[in-house]
Each structure stands twice: as C-alpha cells, then as structure tokens.
Amino acid sequence: MVKLTVNGKEVEVPGGTTILHAAAAAGFSIPTFCYNPRMDPAGSCRICAVELEDTKRTVMGCITQVSEGMKVLTESSKVHEARKTNLELLLLHHPLDCPVCDCGGECPLQNMSFSYGGSDSRFESHRNDEPEDMKSEVLVFNSNRCILCGKCVRICDEIQDVHAIGFINRGFDTVIGPPLGKKLDCEFCGDCMEVCPTGAITDRFVRYQFRPWQMERTETTCTSCSSGCRMVVDTENEAIVRISSKEGLGPNEGSICVVGRFGYSAVQSKSRLEIPHVKKAQRLVPTSWEEILPEISSRLSKIASTGPGRVAGLISSQLPLEDAFVFQRFMRQTLQSNFLDSEARQGLMNMAIPLVSATGSLRPLVDHEDILKADLIVVLGADPAVESNITGLAIKKAVRKNKAALYLVHGRDVSLSTRAREVIRLAPGYEAVFLRTLREILSSSAEDLSTEVKSRLERWGANPEAVLRLAKDMKSAKKTIFVTGRRFHRSNTGFEASSELIRLLAERNLLASDGSGLFVLPESGNDLGVLMMGGSSEWLPGLLDTKNSEQRSVWENHWNCKLPAGGGGLREIISGIESGEIRALISLGVDPLVFLPDTAHLKKILSKLELIVVADMFQGPLADMAHYLLPSASPFERSGHVVSAEGFVQPLAAAMAPWGNALTEGELVLRLATHMNQPLPFDNLAAVSSEIFRIFPDLRPSTRNAPYFQGKTGEILLATPRQQPPHKAERESVLSRVPAFLKQESLPLDEPKMGDPSKRGEDTFVLTLSKSINHAGTQTILDSNLMTIEGEGLLRVPRQWARKKKLKKGACVSVSTPHGRISLPIDPVAGMADGEVHFPFHFADARFMALFPGSFSFNAHSGAQSGQTIDVTVAPIV
Amino acid sequence: MLKKFLDTILFTEIGQGLKLTLRHMFMKKVTSQYPREKLVLADGYRGFIAHRRYDDGVERCVGCDLCEAICPAKAIRVVSDIHPEVPDRRYAREYTLDFTRCIFCGFCVVACPVNALSMTKEFAHSSFTRNGLIYSKEQMLALGDRAGADSDAYLKVRNMWEAESSGKDEGHYHFPPISLGG
C-alpha cells in the first residue's frame, strides 16, 4: 500500500495505482478525454494534467503511478493553465460546428471547454474542412471534429477485439477510419461512437434528428439475447430516438451489440398491432378490449369446464418473470391444464432438464468474472460473440489478457476461431458421442490415443491431435469452463450430449472447484427466468417437479387449489390437438408455424382447435389463424424482471407508453381471470413482483456494474457496491445432488446417421440454421435499421467450394432435399468445414422450412424439437 | 429674503408655468392618428420574429434547436432533420413559433449561431384563432422577405452584425462535403 495526499487529503491505495484512480478514491475528480476505465491508458490527450507539489511539475494523471509520500494537486492555477493551453491546442483545427453536430449538448469537449477553456485562442489557424465519410450506412466519420484521442480505435481493439478502424496518415492529416479508405465493415456495435468524446463518430440512422437535452433517458435491460445488457433508451414524445449506454453500466459495462443498439425501429413500425382483432366470417376485424375480453373468457371457461387439460399455452421466452408467473398460474389453477411450454423447447430444454436434475438450479456455476480468470475455456457448439455478445467479449478478453487456452468444438469457423488454440471440427449431431469419447480419453492414463479412437474421431471430422491436446490441457488446467450454446442445445442428440457433459464435469471435479464449471448460453432474454417461473410443463415455479405429488402439493397448499399432474410440452400439445383432446390454444408471442417444419400439415392440425388466442406484437402465420388476435407490449413498453445467462435478475423499465391499445401479457391474463370470475390475487404486475420476491428471495434484483463510471467531462466516479442476493448457483447444494444424478444409468448412444462426413459428395452438405450477429429472433426482419445492416439471408458456403464453382457473393444456388427445393443467394465464407453450409434462421421468408421432412421430430427424452439440421444438395443455377 | 417676498406677491412661479403652457400652444402636435398614421420605430424594436436567408436565397436556419432551448416561454418548437436535397445539411423540417406565448424577449435571436432569426418592426399581427398566431417556418421566412431591411437593422443595432461584416465567415455555416462513393 502506498500513502499519498491528494489536495491535502491523505489516501492509501495499492502500489501501481495511477494518480487518476487514487484521486477518485480520495473523492476528487480529474477530467479526461482519452481515458476509459475499461481500457489501458494511452495518455494522448494531456487533459488529465495534475501538479505535484514537491517538484512543481505537471504530470498526466492517467498514466503516472503513485509513489510514497506524493503530494498531488488536482485544481491548482498551474493545472488550470495547462488544461486551458491543452484545450486551445485541441481546438486548433476543430470546426466549432456544435450547432449542427449531433454530439452537441452531451459532448465532453464542449463541457470541458466550458469548464476550463478560454474564450479566445492565441493561435491563428485554419479550420479543418475534410469531407465526411458517409460510406457506411451506420456510422458517419467526421475527421474535422476528431481530437485523435484514439479511444475508438482502442475500444475496437481491446474490448470488442474486432480491429475495424485505425489511424490513417500521420501528423495533422491523421484521420480515424476503416483501413484503405474502404467502407466500414464490422460488427456495428457502435461502441466507438459511444466512447467518442467529440462528434467525430455519429449515428447515421438518427443523424440530425435529436438533441440530447430533449430526450428522456430510461435505463432498462435488453431482452434480445441472454447477456442481460443494461442500456439506456432515449425517448422523445413517447418515441424511441436512439439507444445508448453509459460507461460502466451493467454486466456489459457500457458495451452493447448491434441488435441492442440499433434494433429499436421494429417496435415502432407500422406493422405493429395496435388494436385487438376478432375473427368474423374468416376475417380479422378490429374491435375493443371491452368487447372481446368477456367473450374470450366465457369461451375459455366453457372449454375448461369440460375437464382438465383442454387448453394449451405457449409463452415467449422474452417475457419477464411476472408475466410468466401469472400465465402459468392462470393455466394451471384457473384453466386446470398443464399443457404449457415456452420457446426454450426449441433447444435449451435439452440442457435444462439434465442440468436441473443434476444441480437443482438453472443459475450458472460461473459468470463472466470467472471466465476472465479461467485457464481453459472449451466452447461447445456455440458462437458466443454472436449468440451472447458480452460473453464473447469476456472470452476474447480472457484469451488476450489472461492467456487462457480456448478450444472450440464447432462445425465451422466462428469469430472466436482465430483466438482458439485448437478448433475441433465436428459435424452436427456428433456432440454426444464426441463427449463420451472425450470422457474415455480423460479416464485412460495412456499418453496417446488408440488407433480405434483415432479413426472414430477422424470419421466424425474431428482432428485427433487437437482432441488429444484438449485432453492434456484439461488434465493440467486449474480452472476449466465449458460454454454451450445454440448449436449444442439444438443438436438432435442435445439431451444426451448435455447429460454426457454434466457427467464429464462431475468426473473431472469441475462442479466442485470454485471458478470452474458450465456456462450455458440461452437464446432469449429470459429463457432461464420463464423456466424458473414454471413456464414449461416439467416444472412449477421454483423448479418443483409437476409429476411429483409431494412437490406439487407445496403450490397446491399455497394457492389453495388442486393442480393438474399430466400435461406436457410442445410434442404433447400437438398430439393433443390432433387427437381432439386439446380444444383451445393461448399463444403469448410464440408462433410454431415459424419454427416447425411442414406448415401445411401443422395448419391442418391447428385448424381443429375451437379457439386460438394469440397475443403478439406483429402479425404472423399463427396470428392469421387466430380467432382473437391481441396486441401486446414490446420490451420497451413494460416493466418487469428478466434473468440473464449470468443469473442476474435485472429490471425492465417502461421507456414509452404501450403502442396503440397494446396490453402486457401479464395484464391481459389478470383481466381474463377476473372476467372468468376467478380473479388472481394481484391488483397489478407490481404486486406480482413483490409476491415473487417474497417467495423466492434469491430472485430479488441483482446486477453487476463496472468498478468505475465516467462523468460528463470523463472523470472517474467510484461505483458504490450494494447488497444483493447471489446470482450464481450455490456449490454446496449443487454438490449434494450430483451423486444421485451420476447414479442414473447413462443413456445409450448411437452414431448419428445424418451428415456422416465419410459419405459426402462434393455438392452434398449439412444445412444448419444459425443465428446472425445482426439479428435476433424472427421479428427483427421487420426492423428497418437492422435490415439496412443485413437485409438479406445469405447461405454461407465454404469459400473453396464457391471458388471451384466460380460463384461470387450474391449468386443464387438451388438447395434441394428429397422434401423440397429452394433457391438462395450465397455468401462464400473462409474457414468453413467442407461439408457444411448454414443459413440465418431469421429470414423465414426464404421458406427454408420447405427443405425439412413433413413430420415433427422431438428428442425422445426432453421433448425438444430435433431435426433442425438436414443433408442438402447445393447446385449452382445456370 | 426680499427676493422670496417679491416672488410670493408677484406670482412669479405661476407665470413661469403659464409660459411653458403658452409655448406648447404654438408647437407641432405629437398625437399620431394610428392606424392612419404610422409611428417611426427605433431599429432595436422587438417586434415579430422573422427567419432570414442568405444572399443567394438559401434559408439560414440549421435546425440546431438552440432557440428552443433558450426560449423562456417555450414558444418555439424545432424538428430537425437531414436536408432532403443536400444530404449533408441539417435543417429544420418543422419550425413553429407560437406568438401567443412569445414574450418578445429576443433571446432566440441572441442564441442563433447563424443569424437566422431577427426581430422586425411588425407588431400588429392579429387573428381570430390561437392557431392563426402559431407561425410556421414558411410564414416566418415570408415575414423575413417582407421586412429584410428591418431585420438587418435590428442585428446591427444589437451588435450581432459583426460576424457577417467581418468577412470571417463565422456566421455562415458551411458543411463539409461528404464522400459517398466506395
């Protein structure tokens, strides 16, 4: 520890601390331009000058380390003189066009000139008049306003690890931009714009359309993916102008991805539903809530009165805890039906069921902070930078800063591949057999692989050397973290693979040792929360088993009613509708006609229903079949709480009034229950929140902010830690359940038939549906901003294949299976395995579902949808 | 003592007063027959606010919202956007000034960085509805065209002409050209 005085106040800080942080600890702020607490200091702007009393010299606060007995003055006349001169020099060529600059009003350079600058300049100089770079549709680079602090370049290098922009030229001619004067081509996270202390980088979507002082700022949580990013929604007159963030805010510490930052235009587009509709004579006719709520509830009570299990419910995984809690209680208590499912059934359920039976919790064992400390990170069937951007950033940082070993088990190169020690290519569906083989290798003491194992691995497309290296690293690593994602969960053998993975973790003692474990990446903003609240047929709130009468009686006593025991998920719902047992369907934002193949067959089944009630933001295929189509509120129009992949329970805040007559799903359910004369004991959703927090104290809000925030002139502000419940699963309770899980017999495994790498021809591929970084879910194709960035679904094919066929980007190919044939434009991508092509699933209008067989297939153990990959033949269209 | 006594008995003070009265009987009359006759107003008169143009006819307003920010009566509303014809230019897509609320303080003219606003000598605008006094940008531009000389004179007398006459181009915002090509 080092003792020093700042402005006469004594403070003790650890050695190696910079003056800037020591002053923050003492409660004094020093302005900065180029400093960002998340990045290494650069010392390029010279504005954080402080005076040392002993030597009478000014030094830079952000790069000078403290020493014993140092006497620092942060606001002396010498310091002010230095800052004033610096500002004079920074403004030497600045165009001073604040009135037309989008940064005006929230500009640190403006604030600083106001606080420290002079009213006149001693230097006669020309004003810069370089052309603005408007080649990119997303960001505008104005080099005239730039003060060359380099923050944008550094955040792109150090935090995002994308390296899209850099310094071009030297001296006075230096400009910031993409290399070689090309069009900006990056992940469009917009972090460079966020950190820019001037208006040198601005947002083109809302160029010249706003002034910061006119906007209301609401802090809320993004629900596009499971990262749980905290962001700031800026609204004017109940309309979203832009989405920004705040340095240090939330687990994302101020970074947000392209979908979070720019994906706000769909929710205020003309395609949003405004008023409830009722089907009359095969047409949806506008009506009012007062008219249809009694109608729906009387029809529901009539159907429910014929017996239990007559109504099925589907709930979206983007809805907050409150809505999920109310909906499942309405389904189970009021409608006496356990035919209930959430979007997690599309994949995550494969992981959730074994995870809950092994650990008793859906909360993760590790969080991003543990990832940063890990020695070995194994990413299984996931593309973290795309699926959960902030997890991707954590992994990139762990590799770069902590030299963690990264292994990637995936069929193709993802953005993390270049950082990986080894990329183990694995055809889809082979995860379970691969993990069992890995268990075998780890349990044997032999140095090398047996020839049988080698040939097996080679048959699956995996490199045996890489697998052996992974096994060796696993044996020596102290902290190992496995990350699983979309591809792993959605695999045909997802359930078996997940069970194998948990066995592997338990055998290697990774569930017990602190800092090691499993990090699951769910797909939606509140996948975990909806399951915790009983949004699936397996579990009641608190993950109590619905099949177990003892656990069921806990809630039966609490709610003072009888709860149904049977029921089931999506598979049982579809067969129930087909057999006529289920007569009504309530869908809160879930459209099975979008994600299940063979819509014609499914439509025929759904047409047997007497009543379909759909609450959604947009009209979709299921909405067209609905008897009642109800407008629902977007995540920006509701309050509630969502659970992130890290286990944080973070609030949503309503930034704007509900669109048209839209209602939140929770409110809708409460009103329906009241009309059915069986009201739920909640006046509003806030009462539901307090009920949830009372029953589950560990679900009270929790979050993590960076240790430092930044103020209006770039000064460092110490974040105050506050008391909050733990967000990770408790190791003790996990360990107490694992032995019982291990005693269960391990599942029999067969090698998958499909996508066999050894039987492939030149033009046969396995088609997988992947997530694109620029979209989330199937509704972002209605978002004009995101469609500007990526407006067309391109089939990603291996570059080597495209070269051989002489195909360029955008050329159309025909993709065919025995079941159907479509034509798609292609995008040749480097680093893909030979036998795989993938297509972003967001672009449902490409009708790729026609390629899949006309029957629904589900995982036998978890009921999760399977058959999401298929062998296809790709041929150029001539 | 004697002077005071004489002043008292000879009514000198009354005489002085009557002298002033008599002089005014022969002076020119000051009552003007408004509205038949118009007053001559000073150059700094704060009348209705007008929008100004550059000499080449381009409107000056860049839609910076500073007038809206400073207006103490919240009479101004600006909606800015990219100019539809010149893509790098910021302009006010909508600009409304509610003269029923305006208190004619002139702050907006001071705040304007491009001298797009000025006050004219017009004051007698009236309307049967409130809406009639909510002026759009077009109406204010027309007012500026009508009373161009008055608005220039206002800026001169209020010391806001300096930037324009100095030739330094400070009041004239020009926008850097954009490079759209790839």
# chains A, B, ... in the order shown; residues from 1 in each chain; ligands from 1
call {"tool": "residues_around", "arguments": {"residues": "Ile134 (chain B)", "least_positions_apart": "2", "cutoff": "8 Å", "atoms": "only C-alpha atoms", "output": "PyMOL selection string"}}
result
chain B and resi 96-100+130-132+136
call {"tool": "closest_atom_pairs", "arguments": {"of": "chain A", "to": "chain B", "cutoff": "6 Å", "atoms": "only C-alpha atoms", "output": "Markdown table"}}
result
| residue | atom | partner | partner_atom | distance |
| --- | --- | --- | --- | --- |
| A:Pro99 | CA | B:Cys64 | CA | 4.9 |
| A:Val100 | CA | B:Cys64 | CA | 5.7 |
| A:Asp129 | CA | B:Pro176 | CA | 5.6 |
| A:Pro131 | CA | B:Pro177 | CA | 4.6 |
| A:Glu132 | CA | B:Ile178 | CA | 4.6 |
| A:Asp133 | CA | B:Ser179 | CA | 5.4 |
| A:Met134 | CA | B:Leu180 | CA | 5.4 |
| A:Lys135 | CA | B:Leu180 | CA | 4.9 |
| A:Tyr208 | CA | B:Asp81 | CA | 5.0 |
| A:Gln209 | CA | B:Asp81 | CA | 5.0 |
call {"tool": "write_last_selection", "arguments": {"atoms": "C-alpha atoms", "output": "JSON list (two decimals), in the first residue's frame"}}
result
[["chain", "number", "residue", "atom", "x", "y", "z"],
["A", 99, "PRO", "CA", -24.89, 23.81, -33.59],
["A", 100, "VAL", "CA", -25.10, 21.19, -36.31],
["A", 129, "ASP", "CA", -12.76, 21.11, -43.89],
["A", 131, "PRO", "CA", -15.21, 15.59, -46.39],
["A", 132, "GLU", "CA", -17.30, 13.47, -44.04],
["A", 133, "ASP", "CA", -17.01, 9.73, -44.56],
["A", 134, "MET", "CA", -20.55, 8.56, -45.23],
["A", 135, "LYS", "CA", -19.71, 5.32, -46.99],
["A", 208, "TYR", "CA", -29.51, 15.47, -37.20],
["A", 209, "GLN", "CA", -32.77, 14.31, -35.64]]
call {"tool": "closest_residue", "arguments": {"among": "A:Gly411, A:His842, A:Ala584, A:Asp514", "to": "Thr306 (chain A)", "atoms": "only C-alpha atoms"}}
result
A:Ala584
call {"tool": "select_by_dssp", "arguments": {"residues": "region 8-154 of chain B", "states": "strand (DSSP E or B)", "output": "JSON, numbers by chain"}}
result
{"B": [49, 50, 51, 53, 59, 76, 77, 78, 79, 80, 81, 82, 90, 91, 92, 93, 94, 95, 96, 97, 98, 117, 118, 119, 134, 135]}
call {"tool": "atom_distance", "arguments": {"atom1": "CA of Lys137 (chain B)", "atom2": "CA of Glu164 (chain B)"}}
result
22.5 Å
call {"tool": "residues_around", "arguments": {"residues": "Leu510 (chain A)", "least_positions_apart": "3", "cutoff": "12 Å", "atoms": "only C-alpha atoms", "output": "PyMOL selection string"}}
result
chain A and resi 365-366+374+376+474-475+477-482+501-507+513-519+731+734-735+738
call {"tool": "select_by_dssp", "arguments": {"residues": "region 41-87 of chain A", "states": "alpha helix (DSSP H)", "output": "list in words"}}
result
Ser77, Lys78, Val79, His80, Glu81, Ala82, Arg83, Lys84, Thr85, Asn86 and Leu87 of chain A
call {"tool": "atom_distance", "arguments": {"atom1": "CA of Leu335 (chain A)", "atom2": "CA of Ile296 (chain A)"}}
result
12.8 Å
